[in-house]
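Trainee: The structure is given below, and queries will be raised subsequently.
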Amino acid sequence: MNFPGTPRLVLREMVEADLDDFAALLGDPQVMRYYPRPRTRAETLEWITRNRTRYREDGHGLWTMRLRDGDVFAGDCGLTVQRVDGVDELELGYHVVPALQRTGLATEAARACRDWARTALGAGRVIAIIHPDNVASQRVALRAGLTLEKRTTGYGAGAEVLIFAAAL
Ligand SMILES: CC(C)(COP(=O)(O)OP(=O)(O)OC[C@H]1O[C@@H](n2cnc3c(N)ncnc32)[C@H](O)[C@@H]1OP(=O)(O)O)[C@@H](O)C(=O)NCCC(=O)NCCS
C-alpha cells in the first residue's frame with residue numbers, strides 16, 4: 001500500500017514498537033489540552049491497536065509520521081472514520097511533537113492526507129473535528145483547504161465541537 005508522503009515527512013503504519021514515542025506524545029498534558037485528558041501508556045497501546053484494526057478494516061487510519069532527515073519521530077497524521085450527527089465521515093487528524101510544532105509539519109501532512117483521500121480512496125469529502133478553542137488545529141484545517149461548516153454536539157460524548165470540511 002502507498003502512504004501519503006511529503007518533502008519532509010514519511011508516513012507509515014504505526015506498530016507496537018512506536019509505543020514509547022506515542023506514550024510520550026499522547027501522555028503530554030499540553031499536547032492533549034483539548035482532549036478530556038492525556039492518555040495513559042495502556043490507553044496509548046489500545047489506540048495503536050485500534051489504528052492497526054482500521055488499516056485492516058478501512059484501509060487507512062492514523063499513521064506514524066517521521067522526519068526524512070534523521071528518521072526522527074514527528075507525531076501522527078491520517079484519516080479515520082468518525083460518526084458525526086449520525087453520519088460516518090472521513091476525518092483528518094494530526095498530532096505533532098512539541099519540539100517540532102510551528103514548523104509547518106501538520107499543514108504539510110494534512111495536505112498530503114487530504115490529497116491521498118481523493119486519489120487513493122476516491123473520497124469526495126474530508127472533515128476535521130476540532131475543539132472550539134484549538135486555534136492551532138483550526139489553522140491547520142484552513143491551510144489544508146477545509147472551511148468551517150458547523151458547530152455540533154453530535155459527536156462523541158456530546159461536547160460542542162467545530163466541524164471543518166472540504167469537498168475533494
Ligand atoms: C495542532 C497541531 C497539530 C499543529 O501542528 P503544527 O505542525 O505546529 O502546525 P503548523 O506548523 O503546520 O502550523 C499551522 C498553523 O497553525 C498555527 N499555529 C501552530 N501552533 C499554534 C499555536 N500554539 N497557537 C496559535 N497558532 C498556532 C501556525 O502559526 C500556522 O498558522 P498560519 O500559517 O496560518 O499562520 C499541534 O499544535 C498539535 O499537535 N497540537 C496538539 C494536538 C492537537 O490538538 N491535534 C489536533 C486535534 S483536532
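In the C-alpha cells, chains take letters A, B, ... by order of appearance, with residues numbered from 1 within each chain and ligands from 1 in the order shown.
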Got a sec to check which residues lie within 7 Å of ligand 1, using only C-alpha atoms and all ligand atoms, and send them as a ChimeraX atom specification?

Mentor: /A:31-32,34,93-98,100-108,128-131,134-137,139-140,143

Trainee: So that I have them on file, write out the residues from the current selection with N, CA, C and O atoms, as a tab-separated table (two decimals), in the first residue's frame.

Mentor:
chain	number	residue	atom	x	y	z
A	31	VAL	N	0.01	18.72	24.85
A	31	VAL	CA	-0.44	18.19	23.55
A	31	VAL	C	-1.92	17.81	23.63
A	31	VAL	O	-2.68	18.00	22.68
A	32	MET	N	-2.35	17.33	24.82
A	32	MET	CA	-3.71	16.80	24.97
A	32	MET	C	-4.66	17.79	25.65
A	32	MET	O	-5.71	17.39	26.15
A	34	TYR	N	-6.79	19.85	24.66
A	34	TYR	CA	-8.16	19.97	24.14
A	34	TYR	C	-8.88	18.62	24.11
A	34	TYR	O	-9.92	18.47	23.47
A	93	GLY	N	-6.83	13.77	10.97
A	93	GLY	CA	-6.36	14.02	12.33
A	93	GLY	C	-4.85	14.20	12.34
A	93	GLY	O	-4.16	13.71	11.43
A	94	TYR	N	-4.34	14.90	13.37
A	94	TYR	CA	-2.89	15.14	13.43
A	94	TYR	C	-2.46	15.54	14.84
A	94	TYR	O	-3.18	16.19	15.59
A	95	HIS	N	-1.26	15.06	15.21
A	95	HIS	CA	-0.58	15.48	16.44
A	95	HIS	C	0.89	15.64	16.07
A	95	HIS	O	1.45	14.76	15.41
A	96	VAL	N	1.51	16.70	16.53
A	96	VAL	CA	2.94	16.93	16.23
A	96	VAL	C	3.70	17.05	17.55
A	96	VAL	O	3.21	17.71	18.49
A	97	VAL	N	4.87	16.45	17.64
A	97	VAL	CA	5.64	16.52	18.89
A	97	VAL	C	5.99	17.99	19.18
A	97	VAL	O	6.27	18.75	18.26
A	98	PRO	N	5.95	18.37	20.47
A	98	PRO	CA	6.14	19.78	20.81
A	98	PRO	C	7.40	20.40	20.21
A	98	PRO	O	7.36	21.54	19.71
A	100	LEU	N	8.75	20.02	17.49
A	100	LEU	CA	8.69	20.26	16.04
A	100	LEU	C	7.47	21.08	15.63
A	100	LEU	O	7.23	21.29	14.44
A	101	GLN	N	6.69	21.53	16.63
A	101	GLN	CA	5.49	22.31	16.29
A	101	GLN	C	5.88	23.67	15.72
A	101	GLN	O	6.98	24.17	15.95
A	102	ARG	N	4.95	24.24	14.97
A	102	ARG	CA	5.09	25.56	14.37
A	102	ARG	C	6.18	25.60	13.32
A	102	ARG	O	6.80	26.64	13.09
A	103	THR	N	6.42	24.46	12.68
A	103	THR	CA	7.35	24.45	11.55
A	103	THR	C	6.64	24.01	10.27
A	103	THR	O	7.29	23.67	9.28
A	104	GLY	N	5.31	23.99	10.33
A	104	GLY	CA	4.54	23.68	9.12
A	104	GLY	C	4.33	22.20	8.86
A	104	GLY	O	3.78	21.82	7.82
A	105	LEU	N	4.76	21.34	9.80
A	105	LEU	CA	4.66	19.90	9.54
A	105	LEU	C	3.21	19.42	9.48
A	105	LEU	O	2.86	18.61	8.61
A	106	ALA	N	2.37	19.87	10.41
A	106	ALA	CA	0.97	19.42	10.40
A	106	ALA	C	0.29	19.84	9.11
A	106	ALA	O	-0.46	19.06	8.51
A	107	THR	N	0.57	21.05	8.67
A	107	THR	CA	-0.03	21.53	7.42
A	107	THR	C	0.42	20.67	6.25
A	107	THR	O	-0.40	20.24	5.42
A	108	GLU	N	1.71	20.39	6.20
A	108	GLU	CA	2.28	19.58	5.11
A	108	GLU	C	1.65	18.18	5.10
A	108	GLU	O	1.24	17.68	4.05
A	128	ALA	N	-12.63	17.79	9.59
A	128	ALA	CA	-11.81	17.81	10.81
A	128	ALA	C	-12.73	18.21	11.95
A	128	ALA	O	-13.52	19.16	11.81
A	129	ILE	N	-12.65	17.47	13.05
A	129	ILE	CA	-13.47	17.72	14.23
A	129	ILE	C	-12.56	18.43	15.24
A	129	ILE	O	-11.57	17.84	15.69
A	130	ILE	N	-12.89	19.66	15.60
A	130	ILE	CA	-11.92	20.48	16.35
A	130	ILE	C	-12.57	21.19	17.53
A	130	ILE	O	-13.66	21.77	17.41
A	131	HIS	N	-11.88	21.16	18.67
A	131	HIS	CA	-12.33	21.90	19.86
A	131	HIS	C	-12.40	23.40	19.51
A	131	HIS	O	-11.48	23.92	18.87
A	134	ASN	N	-9.21	25.33	20.04
A	134	ASN	CA	-7.96	24.81	19.49
A	134	ASN	C	-7.59	25.56	18.19
A	134	ASN	O	-7.80	25.09	17.08
A	135	VAL	N	-7.03	26.73	18.39
A	135	VAL	CA	-6.73	27.62	17.26
A	135	VAL	C	-5.70	27.01	16.32
A	135	VAL	O	-5.83	27.10	15.10
A	136	ALA	N	-4.67	26.36	16.89
A	136	ALA	CA	-3.62	25.78	16.04
A	136	ALA	C	-4.22	24.76	15.08
A	136	ALA	O	-3.94	24.78	13.88
A	137	SER	N	-5.07	23.89	15.60
A	137	SER	CA	-5.68	22.86	14.76
A	137	SER	C	-6.59	23.50	13.70
A	137	SER	O	-6.64	23.04	12.56
A	139	ARG	N	-6.16	26.40	12.37
A	139	ARG	CA	-5.28	26.99	11.34
A	139	ARG	C	-4.81	25.91	10.37
A	139	ARG	O	-4.74	26.14	9.16
A	140	VAL	N	-4.48	24.74	10.90
A	140	VAL	CA	-4.03	23.64	10.03
A	140	VAL	C	-5.16	23.26	9.07
A	140	VAL	O	-4.94	23.11	7.86
A	143	ARG	N	-5.53	25.83	6.40
A	143	ARG	CA	-4.41	25.79	5.45
A	143	ARG	C	-4.43	24.54	4.59
A	143	ARG	O	-3.82	24.52	3.52

Trainee: Hey, which bits of stretch 77-149 of chain A sit within 7 Å of stretch 43-62 of chain A, and for each residue what's the closest pair of atoms and how far apart in Å (one decimal), counting only C-alpha atoms, rows by chain and increasing number, as CSV?

Mentor:
residue,atom,partner,partner_atom,distance
A:Cys77,CA,A:Leu62,CA,5.3
A:Gly78,CA,A:Leu62,CA,4.0
A:Leu79,CA,A:Gly61,CA,5.0
A:Thr80,CA,A:Gly61,CA,5.0

Trainee: Using the chain letters and numbers from this document, which residues of stretch 51-83 of chain A does DSSP assign to alpha helix (DSSP H), as a list in words?

Mentor: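 Here are the alpha helix (DSSP H) residues of stretch 51-83 of chain A: Asn51, Arg52, Thr53, Arg54, Tyr55, Arg56, Glu57 and Asp58 of chain A.
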
Trainee: Write a file of the just-selected residues containing C-alpha atoms, as a PDB file, in the first residue's frame.

Mentor:
ATOM      1  CA  ASN A  51      -5.392   2.102  14.332  1.00  0.00           C
ATOM      2  CA  ARG A  52      -3.990  -1.264  13.226  1.00  0.00           C
ATOM      3  CA  THR A  53      -7.563  -2.614  13.105  1.00  0.00           C
ATOM      4  CA  ARG A  54      -8.529   0.395  10.989  1.00  0.00           C
ATOM      5  CA  TYR A  55      -5.745  -0.387   8.479  1.00  0.00           C
ATOM      6  CA  ARG A  56      -7.189  -3.894   8.039  1.00  0.00           C
ATOM      7  CA  GLU A  57     -10.863  -2.934   8.018  1.00  0.00           C
ATOM      8  CA  ASP A  58     -10.857   0.516   6.375  1.00  0.00           C
TER       9      ASP A  58
END

Trainee: With only C-alpha atoms as the atoms that count, which of A:Ala157, A:Leu11, A:Ala120, A:Ala166 lies nearest to A:Val84?

Mentor: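 Closest to A:Val84, using only C-alpha atoms: A:Ala157.
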
Trainee: Compile the contact shell of A:Ala109 as a short mmCIF file (atom, residue, chain, number, x, y, z; two decimals) with N, CA and C atoms, in the first residue's frame: residues with an atom at most 8 Å away, counting only C-alpha atoms, same-chain residues fewer than 5 positions apart removed.

Mentor:
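File result-v6.cif, as written:
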data_model
loop_
_atom_site.label_atom_id
_atom_site.label_comp_id
_atom_site.auth_asym_id
_atom_site.auth_seq_id
_atom_site.Cartn_x
_atom_site.Cartn_y
_atom_site.Cartn_z
N PRO A 4 0.60 8.47 2.12
CA PRO A 4 0.93 9.85 1.77
C PRO A 4 2.37 10.13 2.21
N GLY A 5 3.11 10.86 1.40
CA GLY A 5 4.45 11.29 1.80
C GLY A 5 4.58 12.76 1.48
N THR A 6 5.54 13.43 2.08
CA THR A 6 5.74 14.86 1.84
C THR A 6 7.23 15.10 1.71
N LEU A 9 8.43 14.55 5.31
CA LEU A 9 7.87 13.50 6.17
C LEU A 9 7.64 12.18 5.47
N CYS A 77 -0.44 11.54 11.64
CA CYS A 77 -1.44 12.23 10.82
C CYS A 77 -2.14 11.15 10.02
#

Trainee: Using only C-alpha atoms, find the one residue out of A:Pro7, A:Gly27, A:Gly75, A:Gly154 that sits nearest to A:Asp88.

Mentor: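 Closest to A:Asp88, using only C-alpha atoms: A:Gly154.
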
Trainee: Looking only at the backbone, which of the residues in stretch 64-131 of chain A does DSSP tag as strand (DSSP E or B), as an MDAnalysis selection string?

Mentor: chainID A and resid 64:67 72:84 87:96 125:130

Trainee: Considering only C-alpha atoms, return as a ChimeraX atom specification whatever protein or nucleic-acid residues lie within 12 Å of A:Gly122, sequence-local ones (same chain, fewer than 5 positions apart) excluded.

Mentor: /A:90,114-117,167-168

Trainee: Grab the residues selected above and save them as a tab-separated table (two decimals), in the first residue's frame with N, CA, C and O atoms.

Mentor:
chain	number	residue	atom	x	y	z
A	90	LEU	N	-15.12	10.96	6.94
A	90	LEU	CA	-13.69	10.71	6.88
A	90	LEU	C	-12.99	11.89	7.54
A	90	LEU	O	-13.10	13.03	7.05
A	114	ARG	N	-5.11	14.74	2.78
A	114	ARG	CA	-6.30	15.19	2.04
A	114	ARG	C	-6.21	14.74	0.58
A	114	ARG	O	-7.16	14.17	0.04
A	115	ASP	N	-5.07	14.95	-0.05
A	115	ASP	CA	-4.91	14.55	-1.46
A	115	ASP	C	-5.00	13.03	-1.62
A	115	ASP	O	-5.57	12.54	-2.59
A	116	TRP	N	-4.43	12.32	-0.64
A	116	TRP	CA	-4.45	10.85	-0.68
A	116	TRP	C	-5.90	10.35	-0.54
A	116	TRP	O	-6.28	9.36	-1.18
A	117	ALA	N	-6.71	11.03	0.25
A	117	ALA	CA	-8.12	10.64	0.41
A	117	ALA	C	-8.83	10.67	-0.94
A	117	ALA	O	-9.63	9.80	-1.26
A	167	ALA	N	-14.83	19.68	0.20
A	167	ALA	CA	-15.19	18.76	-0.88
A	167	ALA	C	-13.91	18.50	-1.67
A	167	ALA	O	-13.11	19.42	-1.88
A	168	LEU	N	-13.69	17.24	-2.08
A	168	LEU	CA	-12.42	16.90	-2.75
A	168	LEU	C	-12.61	16.78	-4.25
A	168	LEU	O	-13.69	16.53	-4.74

Trainee: For a quick check of understanding, using only C-alpha atoms, which of A:Arg41, A:Arg118, A:Lys150, A:Arg8 has the smallest distance to A:Phe22?

Mentor: A:Arg41
